[in-house]
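Text of the file start.txt, holding compact mmCIF, N, CA and C atoms:
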```txt
# COMPACT_ATOMS: atom_id res chain seq x y z
N MET A 18 31.79 -16.99 -1.27
CA MET A 18 32.11 -15.96 -0.29
C MET A 18 31.54 -14.62 -0.73
N GLY A 19 31.65 -14.31 -2.06
CA GLY A 19 31.13 -13.05 -2.58
C GLY A 19 29.63 -12.95 -2.40
N ALA A 20 28.92 -14.07 -2.60
CA ALA A 20 27.47 -14.08 -2.44
C ALA A 20 27.09 -13.82 -0.98
N LEU A 21 27.88 -14.38 -0.06
CA LEU A 21 27.61 -14.17 1.36
C LEU A 21 27.80 -12.71 1.74
N LEU A 22 28.84 -12.08 1.20
CA LEU A 22 29.11 -10.67 1.48
C LEU A 22 27.99 -9.80 0.90
N ALA A 23 27.54 -10.11 -0.31
CA ALA A 23 26.44 -9.35 -0.92
C ALA A 23 25.17 -9.50 -0.10
N PHE A 24 24.87 -10.71 0.38
CA PHE A 24 23.69 -10.93 1.20
C PHE A 24 23.79 -10.16 2.51
N ALA A 25 24.95 -10.17 3.15
CA ALA A 25 25.14 -9.46 4.41
C ALA A 25 24.96 -7.96 4.21
N THR A 26 25.45 -7.43 3.09
CA THR A 26 25.29 -6.00 2.80
C THR A 26 23.82 -5.68 2.60
N PHE A 27 23.12 -6.51 1.85
CA PHE A 27 21.68 -6.31 1.61
C PHE A 27 20.90 -6.39 2.91
N TRP A 28 21.19 -7.38 3.72
CA TRP A 28 20.46 -7.60 4.96
C TRP A 28 20.64 -6.43 5.93
N ALA A 29 21.82 -5.80 5.95
CA ALA A 29 22.10 -4.72 6.89
C ALA A 29 21.51 -3.39 6.44
N ALA A 30 21.10 -3.28 5.18
CA ALA A 30 20.57 -2.00 4.68
C ALA A 30 19.21 -1.73 5.31
N PRO A 31 18.98 -0.46 5.72
CA PRO A 31 17.68 -0.14 6.31
C PRO A 31 16.58 -0.20 5.27
N ALA A 32 15.40 -0.59 5.70
CA ALA A 32 14.27 -0.69 4.79
C ALA A 32 13.77 0.70 4.44
N ALA A 33 13.38 0.88 3.20
CA ALA A 33 12.83 2.14 2.75
C ALA A 33 11.33 1.96 2.57
N ALA A 34 10.62 1.96 3.70
CA ALA A 34 9.17 1.74 3.65
C ALA A 34 8.47 3.05 3.35
N ARG A 35 7.25 2.94 2.85
CA ARG A 35 6.41 4.10 2.62
C ARG A 35 4.98 3.64 2.61
N ARG A 36 4.11 4.52 2.99
CA ARG A 36 2.68 4.21 3.04
C ARG A 36 1.97 5.14 2.05
N THR A 37 1.18 4.57 1.15
CA THR A 37 0.49 5.34 0.12
C THR A 37 -0.99 5.01 0.13
N THR A 38 -1.82 6.03 -0.03
CA THR A 38 -3.26 5.83 -0.17
C THR A 38 -3.85 6.95 -1.00
N ASP A 39 -4.96 6.66 -1.66
CA ASP A 39 -5.71 7.66 -2.43
C ASP A 39 -6.96 8.03 -1.64
N LEU A 40 -7.23 9.34 -1.59
CA LEU A 40 -8.35 9.84 -0.82
C LEU A 40 -9.31 10.62 -1.70
N GLY A 41 -10.58 10.66 -1.32
CA GLY A 41 -11.59 11.35 -2.09
C GLY A 41 -11.84 12.79 -1.65
N TYR A 42 -11.02 13.31 -0.75
CA TYR A 42 -11.15 14.69 -0.30
C TYR A 42 -10.50 15.64 -1.30
N ARG A 43 -10.83 16.93 -1.18
CA ARG A 43 -10.19 17.94 -2.03
C ARG A 43 -8.74 18.13 -1.61
N TYR A 44 -7.91 18.55 -2.55
CA TYR A 44 -6.47 18.74 -2.31
C TYR A 44 -6.24 19.69 -1.13
N ASP A 45 -6.92 20.84 -1.12
CA ASP A 45 -6.68 21.83 -0.06
C ASP A 45 -7.08 21.29 1.31
N GLN A 46 -8.09 20.43 1.39
CA GLN A 46 -8.47 19.83 2.66
C GLN A 46 -7.38 18.89 3.17
N VAL A 47 -6.84 18.07 2.27
CA VAL A 47 -5.81 17.10 2.67
C VAL A 47 -4.53 17.84 3.05
N TRP A 48 -4.15 18.84 2.27
CA TRP A 48 -2.94 19.61 2.55
C TRP A 48 -3.02 20.25 3.94
N THR A 49 -4.12 20.94 4.20
CA THR A 49 -4.29 21.63 5.48
C THR A 49 -4.27 20.64 6.64
N ALA A 50 -4.98 19.54 6.50
CA ALA A 50 -5.02 18.52 7.56
C ALA A 50 -3.64 17.92 7.80
N ALA A 51 -2.87 17.67 6.74
CA ALA A 51 -1.53 17.07 6.90
C ALA A 51 -0.60 18.02 7.65
N VAL A 52 -0.62 19.29 7.31
CA VAL A 52 0.27 20.25 7.99
C VAL A 52 -0.14 20.39 9.45
N ARG A 53 -1.45 20.49 9.73
CA ARG A 53 -1.91 20.60 11.12
C ARG A 53 -1.60 19.34 11.92
N LEU A 54 -1.72 18.17 11.27
CA LEU A 54 -1.41 16.92 11.95
C LEU A 54 0.04 16.91 12.42
N VAL A 55 0.94 17.26 11.52
CA VAL A 55 2.37 17.24 11.85
C VAL A 55 2.72 18.30 12.88
N ARG A 56 2.30 19.52 12.63
CA ARG A 56 2.73 20.64 13.47
C ARG A 56 1.95 20.76 14.78
N VAL A 57 0.63 20.65 14.72
CA VAL A 57 -0.19 20.89 15.91
C VAL A 57 -0.43 19.60 16.69
N ASP A 58 -0.95 18.57 16.02
CA ASP A 58 -1.32 17.35 16.74
C ASP A 58 -0.10 16.61 17.30
N TYR A 59 0.93 16.43 16.45
CA TYR A 59 2.13 15.74 16.90
C TYR A 59 3.15 16.68 17.53
N GLY A 60 3.14 17.94 17.17
CA GLY A 60 4.11 18.90 17.72
C GLY A 60 5.49 18.77 17.11
N PHE A 61 5.59 18.17 15.92
CA PHE A 61 6.88 18.01 15.26
C PHE A 61 7.29 19.33 14.58
N THR A 62 8.58 19.51 14.42
CA THR A 62 9.11 20.68 13.73
C THR A 62 9.00 20.46 12.23
N VAL A 63 8.36 21.38 11.54
CA VAL A 63 8.28 21.34 10.08
C VAL A 63 9.57 21.96 9.56
N THR A 64 10.35 21.19 8.81
CA THR A 64 11.63 21.68 8.31
C THR A 64 11.52 22.32 6.94
N GLU A 65 10.52 21.91 6.17
CA GLU A 65 10.29 22.49 4.85
C GLU A 65 8.89 22.08 4.39
N ARG A 66 8.26 22.98 3.62
CA ARG A 66 6.96 22.64 3.07
C ARG A 66 6.71 23.49 1.83
N ASP A 67 5.94 22.94 0.92
CA ASP A 67 5.60 23.64 -0.31
C ASP A 67 4.24 23.13 -0.76
N GLN A 68 3.21 23.96 -0.62
CA GLN A 68 1.86 23.52 -0.96
C GLN A 68 1.72 23.30 -2.45
N GLU A 69 2.35 24.12 -3.26
CA GLU A 69 2.24 23.97 -4.72
C GLU A 69 2.83 22.64 -5.19
N LEU A 70 3.99 22.28 -4.65
CA LEU A 70 4.62 21.01 -5.01
C LEU A 70 4.06 19.84 -4.21
N GLY A 71 3.42 20.13 -3.09
CA GLY A 71 2.73 19.10 -2.33
C GLY A 71 3.58 18.26 -1.41
N PHE A 72 4.43 18.89 -0.60
CA PHE A 72 5.18 18.11 0.38
C PHE A 72 5.38 18.88 1.67
N VAL A 73 5.47 18.12 2.76
CA VAL A 73 5.80 18.63 4.09
C VAL A 73 6.90 17.74 4.61
N MET A 74 8.03 18.35 4.98
CA MET A 74 9.12 17.59 5.59
C MET A 74 9.19 18.00 7.06
N PHE A 75 9.45 17.02 7.92
CA PHE A 75 9.43 17.29 9.35
C PHE A 75 10.38 16.37 10.08
N ASP A 76 10.64 16.70 11.34
CA ASP A 76 11.47 15.86 12.21
C ASP A 76 10.55 15.00 13.06
N TYR A 77 10.57 13.69 12.81
CA TYR A 77 9.80 12.73 13.59
C TYR A 77 10.65 12.35 14.80
N ILE A 78 10.13 12.53 15.99
CA ILE A 78 10.89 12.26 17.21
C ILE A 78 10.29 11.06 17.92
N GLU A 79 11.13 10.08 18.17
CA GLU A 79 10.73 8.85 18.84
C GLU A 79 11.82 8.46 19.83
N SER A 80 11.46 8.33 21.10
CA SER A 80 12.40 7.92 22.16
C SER A 80 13.65 8.80 22.17
N GLY A 81 13.47 10.09 21.99
CA GLY A 81 14.59 11.02 22.06
C GLY A 81 15.44 11.10 20.79
N ARG A 82 15.15 10.29 19.80
CA ARG A 82 15.89 10.31 18.52
C ARG A 82 15.05 10.99 17.47
N THR A 83 15.72 11.65 16.52
CA THR A 83 15.04 12.36 15.45
C THR A 83 15.24 11.63 14.13
N TYR A 84 14.15 11.47 13.40
CA TYR A 84 14.16 10.81 12.09
C TYR A 84 13.51 11.74 11.08
N GLY A 85 14.02 11.74 9.86
CA GLY A 85 13.43 12.56 8.81
C GLY A 85 12.11 11.96 8.36
N GLY A 86 11.10 12.81 8.26
CA GLY A 86 9.79 12.36 7.82
C GLY A 86 9.25 13.27 6.74
N SER A 87 8.37 12.73 5.93
CA SER A 87 7.73 13.55 4.90
C SER A 87 6.32 13.03 4.62
N ILE A 88 5.47 13.97 4.21
CA ILE A 88 4.14 13.64 3.71
C ILE A 88 4.02 14.34 2.36
N GLU A 89 3.75 13.55 1.33
CA GLU A 89 3.50 14.11 0.00
C GLU A 89 2.00 14.10 -0.24
N VAL A 90 1.50 15.18 -0.81
CA VAL A 90 0.09 15.31 -1.15
C VAL A 90 0.04 15.62 -2.64
N LEU A 91 -0.45 14.65 -3.42
CA LEU A 91 -0.37 14.74 -4.87
C LEU A 91 -1.74 14.71 -5.51
N ARG A 92 -1.95 15.56 -6.49
CA ARG A 92 -3.20 15.54 -7.26
C ARG A 92 -3.13 14.37 -8.25
N THR A 93 -4.22 13.62 -8.34
CA THR A 93 -4.27 12.49 -9.26
C THR A 93 -5.73 12.27 -9.67
N ALA A 94 -5.97 11.22 -10.42
CA ALA A 94 -7.33 10.89 -10.85
C ALA A 94 -7.48 9.38 -10.80
N ASP A 95 -8.73 8.93 -10.62
CA ASP A 95 -8.98 7.49 -10.62
C ASP A 95 -9.16 7.00 -12.05
N ALA A 96 -9.49 5.74 -12.20
CA ALA A 96 -9.61 5.13 -13.53
C ALA A 96 -10.70 5.76 -14.38
N LEU A 97 -11.69 6.41 -13.73
CA LEU A 97 -12.78 7.05 -14.46
C LEU A 97 -12.53 8.54 -14.68
N GLY A 98 -11.34 9.02 -14.29
CA GLY A 98 -10.99 10.41 -14.52
C GLY A 98 -11.45 11.36 -13.42
N ARG A 99 -11.97 10.84 -12.31
CA ARG A 99 -12.40 11.70 -11.21
C ARG A 99 -11.20 12.13 -10.39
N ASP A 100 -11.23 13.38 -9.89
CA ASP A 100 -10.14 13.91 -9.07
C ASP A 100 -9.99 13.12 -7.79
N ARG A 101 -8.75 12.81 -7.45
CA ARG A 101 -8.40 12.14 -6.21
C ARG A 101 -7.15 12.82 -5.66
N VAL A 102 -6.81 12.52 -4.42
CA VAL A 102 -5.58 13.02 -3.81
C VAL A 102 -4.81 11.81 -3.30
N ARG A 103 -3.57 11.67 -3.73
CA ARG A 103 -2.71 10.58 -3.26
C ARG A 103 -1.81 11.13 -2.16
N VAL A 104 -1.74 10.39 -1.06
CA VAL A 104 -0.92 10.78 0.08
C VAL A 104 0.14 9.70 0.28
N VAL A 105 1.39 10.16 0.43
CA VAL A 105 2.51 9.25 0.66
C VAL A 105 3.21 9.69 1.94
N VAL A 106 3.34 8.78 2.90
CA VAL A 106 4.01 9.06 4.17
C VAL A 106 5.29 8.24 4.23
N VAL A 107 6.40 8.91 4.54
CA VAL A 107 7.69 8.24 4.67
C VAL A 107 8.35 8.71 5.96
N ILE A 108 8.79 7.77 6.80
CA ILE A 108 9.57 8.07 7.99
C ILE A 108 10.85 7.25 7.88
N GLN A 109 11.97 7.91 7.66
CA GLN A 109 13.24 7.21 7.48
C GLN A 109 13.66 6.50 8.77
N GLY A 110 14.13 5.26 8.62
CA GLY A 110 14.68 4.51 9.75
C GLY A 110 13.65 3.98 10.73
N GLN A 111 12.38 4.00 10.36
CA GLN A 111 11.33 3.50 11.24
C GLN A 111 10.57 2.37 10.54
N PRO A 112 9.98 1.49 11.31
CA PRO A 112 9.22 0.40 10.69
C PRO A 112 7.94 0.93 10.02
N GLU A 113 7.40 0.14 9.15
CA GLU A 113 6.24 0.51 8.34
C GLU A 113 5.02 0.87 9.20
N TYR A 114 4.89 0.27 10.36
CA TYR A 114 3.70 0.55 11.18
C TYR A 114 3.64 2.00 11.64
N VAL A 115 4.78 2.69 11.73
CA VAL A 115 4.79 4.10 12.11
C VAL A 115 4.13 4.94 11.02
N GLU A 116 4.46 4.64 9.76
CA GLU A 116 3.83 5.35 8.64
C GLU A 116 2.34 5.04 8.57
N ARG A 117 1.99 3.79 8.81
CA ARG A 117 0.57 3.40 8.82
C ARG A 117 -0.18 4.15 9.91
N MET A 118 0.43 4.30 11.09
CA MET A 118 -0.19 5.01 12.20
C MET A 118 -0.45 6.48 11.82
N ILE A 119 0.53 7.12 11.18
CA ILE A 119 0.36 8.52 10.77
C ILE A 119 -0.72 8.63 9.71
N MET A 120 -0.73 7.73 8.74
CA MET A 120 -1.75 7.76 7.69
C MET A 120 -3.14 7.55 8.28
N ASP A 121 -3.27 6.59 9.20
CA ASP A 121 -4.57 6.34 9.83
C ASP A 121 -5.05 7.57 10.60
N ARG A 122 -4.13 8.23 11.27
CA ARG A 122 -4.50 9.42 12.04
C ARG A 122 -4.90 10.56 11.11
N LEU A 123 -4.22 10.69 9.97
CA LEU A 123 -4.59 11.71 8.99
C LEU A 123 -6.01 11.45 8.46
N GLU A 124 -6.31 10.20 8.15
CA GLU A 124 -7.65 9.87 7.66
C GLU A 124 -8.71 10.14 8.71
N ARG A 125 -8.43 9.83 9.98
CA ARG A 125 -9.38 10.13 11.06
C ARG A 125 -9.56 11.64 11.21
N LYS A 126 -8.49 12.38 11.06
CA LYS A 126 -8.55 13.84 11.16
C LYS A 126 -9.42 14.40 10.03
N LEU A 127 -9.24 13.92 8.83
CA LEU A 127 -10.05 14.37 7.70
C LEU A 127 -11.54 14.08 7.93
N ARG A 128 -11.84 12.86 8.38
CA ARG A 128 -13.24 12.50 8.66
C ARG A 128 -13.81 13.37 9.78
N GLY A 129 -13.01 13.64 10.81
CA GLY A 129 -13.47 14.47 11.92
C GLY A 129 -13.69 15.92 11.51
N ASP A 130 -12.83 16.45 10.67
CA ASP A 130 -12.91 17.86 10.25
C ASP A 130 -13.92 18.08 9.13
N TYR A 131 -14.00 17.15 8.18
CA TYR A 131 -14.79 17.37 6.96
C TYR A 131 -15.89 16.33 6.73
N GLY A 132 -16.01 15.35 7.60
CA GLY A 132 -16.98 14.29 7.39
C GLY A 132 -16.45 13.27 6.41
N ALA A 133 -17.32 12.37 6.01
CA ALA A 133 -16.91 11.33 5.04
C ALA A 133 -16.59 11.99 3.71
N PRO A 134 -15.66 11.41 2.96
CA PRO A 134 -15.36 11.99 1.64
C PRO A 134 -16.58 11.90 0.74
N PRO A 135 -16.70 12.83 -0.21
CA PRO A 135 -17.84 12.76 -1.13
C PRO A 135 -17.86 11.42 -1.84
N ARG A 136 -19.06 10.87 -2.00
CA ARG A 136 -19.20 9.59 -2.69
C ARG A 136 -18.96 9.81 -4.18
N ALA A 137 -18.30 8.87 -4.77
CA ALA A 137 -18.07 8.94 -6.21
C ALA A 137 -19.39 8.70 -6.92
N GLU A 138 -19.72 9.58 -7.85
CA GLU A 138 -20.95 9.43 -8.62
C GLU A 138 -20.79 8.26 -9.58
N PRO A 139 -21.77 7.35 -9.62
CA PRO A 139 -21.65 6.25 -10.57
C PRO A 139 -21.77 6.77 -12.00
N GLN A 140 -20.96 6.24 -12.86
CA GLN A 140 -20.96 6.64 -14.26
C GLN A 140 -21.98 5.80 -15.01
N PRO A 141 -22.80 6.42 -15.89
CA PRO A 141 -23.75 5.62 -16.66
C PRO A 141 -22.99 4.71 -17.62
N PRO A 142 -23.55 3.54 -17.91
CA PRO A 142 -22.85 2.64 -18.84
C PRO A 142 -22.78 3.27 -20.23
N ALA A 143 -21.70 3.02 -20.90
CA ALA A 143 -21.51 3.56 -22.24
C ALA A 143 -22.47 2.87 -23.21
N ALA A 144 -23.00 3.64 -24.15
CA ALA A 144 -23.89 3.07 -25.17
C ALA A 144 -23.08 2.18 -26.10
N PRO A 145 -23.63 1.03 -26.47
CA PRO A 145 -22.87 0.15 -27.37
C PRO A 145 -22.72 0.83 -28.73
N THR A 146 -21.57 0.67 -29.32
CA THR A 146 -21.32 1.23 -30.65
C THR A 146 -21.59 0.16 -31.69
N PRO A 147 -22.32 0.51 -32.75
CA PRO A 147 -22.62 -0.50 -33.79
C PRO A 147 -21.35 -0.89 -34.52
N THR A 148 -21.27 -2.17 -34.84
CA THR A 148 -20.14 -2.65 -35.63
C THR A 148 -20.49 -2.53 -37.10
N PRO A 149 -19.51 -2.43 -37.99
CA PRO A 149 -19.81 -2.30 -39.41
C PRO A 149 -20.66 -3.45 -39.95
N ASP A 150 -20.46 -4.67 -39.45
CA ASP A 150 -21.23 -5.83 -39.92
C ASP A 150 -22.70 -5.72 -39.51
N SER A 151 -22.96 -5.27 -38.29
CA SER A 151 -24.35 -5.22 -37.82
C SER A 151 -25.11 -4.07 -38.45
N ALA A 152 -24.44 -3.02 -38.87
CA ALA A 152 -25.12 -1.87 -39.47
C ALA A 152 -25.58 -2.18 -40.89
N SER A 153 -24.85 -3.02 -41.64
CA SER A 153 -25.20 -3.28 -43.03
C SER A 153 -26.01 -4.56 -43.23
N ALA A 154 -26.12 -5.41 -42.22
CA ALA A 154 -26.85 -6.68 -42.36
C ALA A 154 -28.33 -6.40 -42.30
N PRO A 155 -29.14 -7.02 -43.24
CA PRO A 155 -30.59 -6.83 -43.19
C PRO A 155 -31.17 -7.56 -41.99
N GLU A 156 -32.20 -6.99 -41.43
CA GLU A 156 -32.84 -7.61 -40.28
C GLU A 156 -33.76 -8.74 -40.74
N ALA A 157 -33.85 -9.80 -39.95
CA ALA A 157 -34.73 -10.93 -40.27
C ALA A 157 -36.15 -10.54 -39.89
N PRO A 158 -37.13 -10.94 -40.69
CA PRO A 158 -38.53 -10.67 -40.34
C PRO A 158 -38.89 -11.36 -39.05
N ALA A 159 -39.87 -10.79 -38.36
CA ALA A 159 -40.28 -11.32 -37.07
C ALA A 159 -40.91 -12.71 -37.20
N ASP A 160 -41.46 -13.06 -38.39
CA ASP A 160 -42.13 -14.37 -38.52
C ASP A 160 -41.16 -15.49 -38.81
N GLY A 161 -39.84 -15.18 -38.91
CA GLY A 161 -38.85 -16.21 -39.15
C GLY A 161 -38.59 -16.50 -40.60
N ALA A 162 -39.29 -15.86 -41.51
CA ALA A 162 -39.08 -16.09 -42.96
C ALA A 162 -37.75 -15.45 -43.38
N ALA A 163 -37.21 -15.93 -44.46
CA ALA A 163 -35.94 -15.40 -44.97
C ALA A 163 -36.18 -13.99 -45.51
N PRO A 164 -35.21 -13.08 -45.31
CA PRO A 164 -35.38 -11.72 -45.82
C PRO A 164 -35.34 -11.70 -47.35
N ASP A 165 -36.05 -10.72 -47.92
CA ASP A 165 -36.05 -10.57 -49.38
C ASP A 165 -34.68 -10.10 -49.83
N ALA A 166 -34.24 -10.66 -50.94
CA ALA A 166 -32.93 -10.29 -51.44
C ALA A 166 -33.02 -9.42 -52.66
```
As C-alpha cells:
Amino acid sequence: MGALLAFATFWAAPAAARRTTDLGYRYDQVWTAAVRLVRVDYGFTVTERDQELGFVMFDYIESGRTYGGSIEVLRTADALGRDRVRVVVVIQGQPEYVERMIMDRLERKLRGDYGAPPRAEPQPPAAPTPTPDSASAPEAPADGAAPDA
C-alpha cells in the first residue's frame, strides 16, 4: 500500500522540464535577442532580469493562464576552451515542447539578426611528445645492420 501511495504521489507531481543548448554567438548578442524575444516578439511581461547574472524571468501566458518562465544566458566554453553561450529555457507547468518552441524561435532570431554563428576555428593537431625510451634509444642504420655499441 505504501509503494502505491508513493507512486501516486510521484505520478501526480508536475514535470520540471527544461531546454538547454550551447550557442556560438557572443554573450551580448544572445542576451539582447532573448530579452527582445520575450518582451517584444511574444509581448510577455518581464518580471525580473539581470544581464550580469544572466537571467530573464517573465510571465508566460497560454489560454488565459499565466505560468512562470525564465531564460538563463550563461558564459561557458567548449571542450577546446572556445567561448560559448549556454541558454536554458524553463516554463513552469508546461510541456517540454513549449520550451523547445521558445528555444527554436530564439535561434531563428539570432540567425536573422546576426547571421550564422561564427565557425569554430579548427585547432592544429598537437605535436607528439617524445617518450623517455624513444629519446635515449639509438637509431638503427638505414641498411638494417645492427647499431654500434
Query - Proximity to A:Gly41 - best of A:Val102, A:Val57, A:Met120, A:Met74, only N, CA and C atoms - result: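 Going through A:Val102, A:Val57, A:Met120, A:Met74 one by one, the smallest distance to A:Gly41 is for A:Val102.
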Requested in this report: Just give me the gap between atom C of A:Ala94 and atom N of A:Leu54 in Å, one decimal is fine.
Outcome: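 Pair atom C of A:Ala94 / atom N of A:Leu54 returns 24.4 Å.
Atom to atom, atom CA of A:Arg35 and atom CA of A:Ile108 stand 7.4 Å apart.
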Query raised in the report: Which value, in Å to one decimal, gives the distance between atom N of A:Gly86 and atom C of A:Leu123?
Result: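 Atom N of A:Gly86 sits 17.2 Å away from atom C of A:Leu123.
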**Report entry** Which of A:Arg101, A:Val106, A:Phe61, A:Pro134 sits closest to A:Glu79 [using only C-alpha atoms]
**Finding:** A:Phe61
Coordinates of box centre and edge lengths for stretch 86-103 of chain A, 6 Å on every side, axis-aligned, as lines of an AutoDock Vina configuration file:
```
center_x = -0.8
center_y = 10.4
center_z = -3.2
size_x = 35.9
size_y = 22.5
size_z = 34.9
```
Requested in this report: Fewer than 6 positions away in the same chain doesn't count, so skip those; otherwise give me all residues within 6 Å of A:Arg103, counting all atoms listed in the file, as an MDAnalysis selection string.
Outcome: chainID A and resid 38:40 89:93
Just to be explicit: take each residue in the selection above, keep N, CA and C atoms, and write the result as an mmCIF file, in the frame of the given file.
```
data_model
loop_
_atom_site.group_PDB
_atom_site.id
_atom_site.type_symbol
_atom_site.label_atom_id
_atom_site.label_comp_id
_atom_site.auth_asym_id
_atom_site.auth_seq_id
_atom_site.Cartn_x
_atom_site.Cartn_y
_atom_site.Cartn_z
ATOM 1 N N THR A 38 -1.820 6.030 -0.030
ATOM 2 C CA THR A 38 -3.260 5.830 -0.170
ATOM 3 C C THR A 38 -3.850 6.950 -1.000
ATOM 4 N N ASP A 39 -4.960 6.660 -1.660
ATOM 5 C CA ASP A 39 -5.710 7.660 -2.430
ATOM 6 C C ASP A 39 -6.960 8.030 -1.640
ATOM 7 N N LEU A 40 -7.230 9.340 -1.590
ATOM 8 C CA LEU A 40 -8.350 9.840 -0.820
ATOM 9 C C LEU A 40 -9.310 10.620 -1.700
ATOM 10 N N GLU A 89 3.750 13.550 1.330
ATOM 11 C CA GLU A 89 3.500 14.110 0.000
ATOM 12 C C GLU A 89 2.000 14.100 -0.240
ATOM 13 N N VAL A 90 1.500 15.180 -0.810
ATOM 14 C CA VAL A 90 0.090 15.310 -1.150
ATOM 15 C C VAL A 90 0.040 15.620 -2.640
ATOM 16 N N LEU A 91 -0.450 14.650 -3.420
ATOM 17 C CA LEU A 91 -0.370 14.740 -4.870
ATOM 18 C C LEU A 91 -1.740 14.710 -5.510
ATOM 19 N N ARG A 92 -1.950 15.560 -6.490
ATOM 20 C CA ARG A 92 -3.200 15.540 -7.260
ATOM 21 C C ARG A 92 -3.130 14.370 -8.250
ATOM 22 N N THR A 93 -4.220 13.620 -8.340
ATOM 23 C CA THR A 93 -4.270 12.490 -9.260
ATOM 24 C C THR A 93 -5.730 12.270 -9.670
#
```
Query - Residues within 12 Å of (-4.0, 19.4, 6.8), counting only C-alpha atoms, listed as an MDAnalysis selection string - result: chainID A and resid 42:58 68 71:73 88:90 104 120 122:131
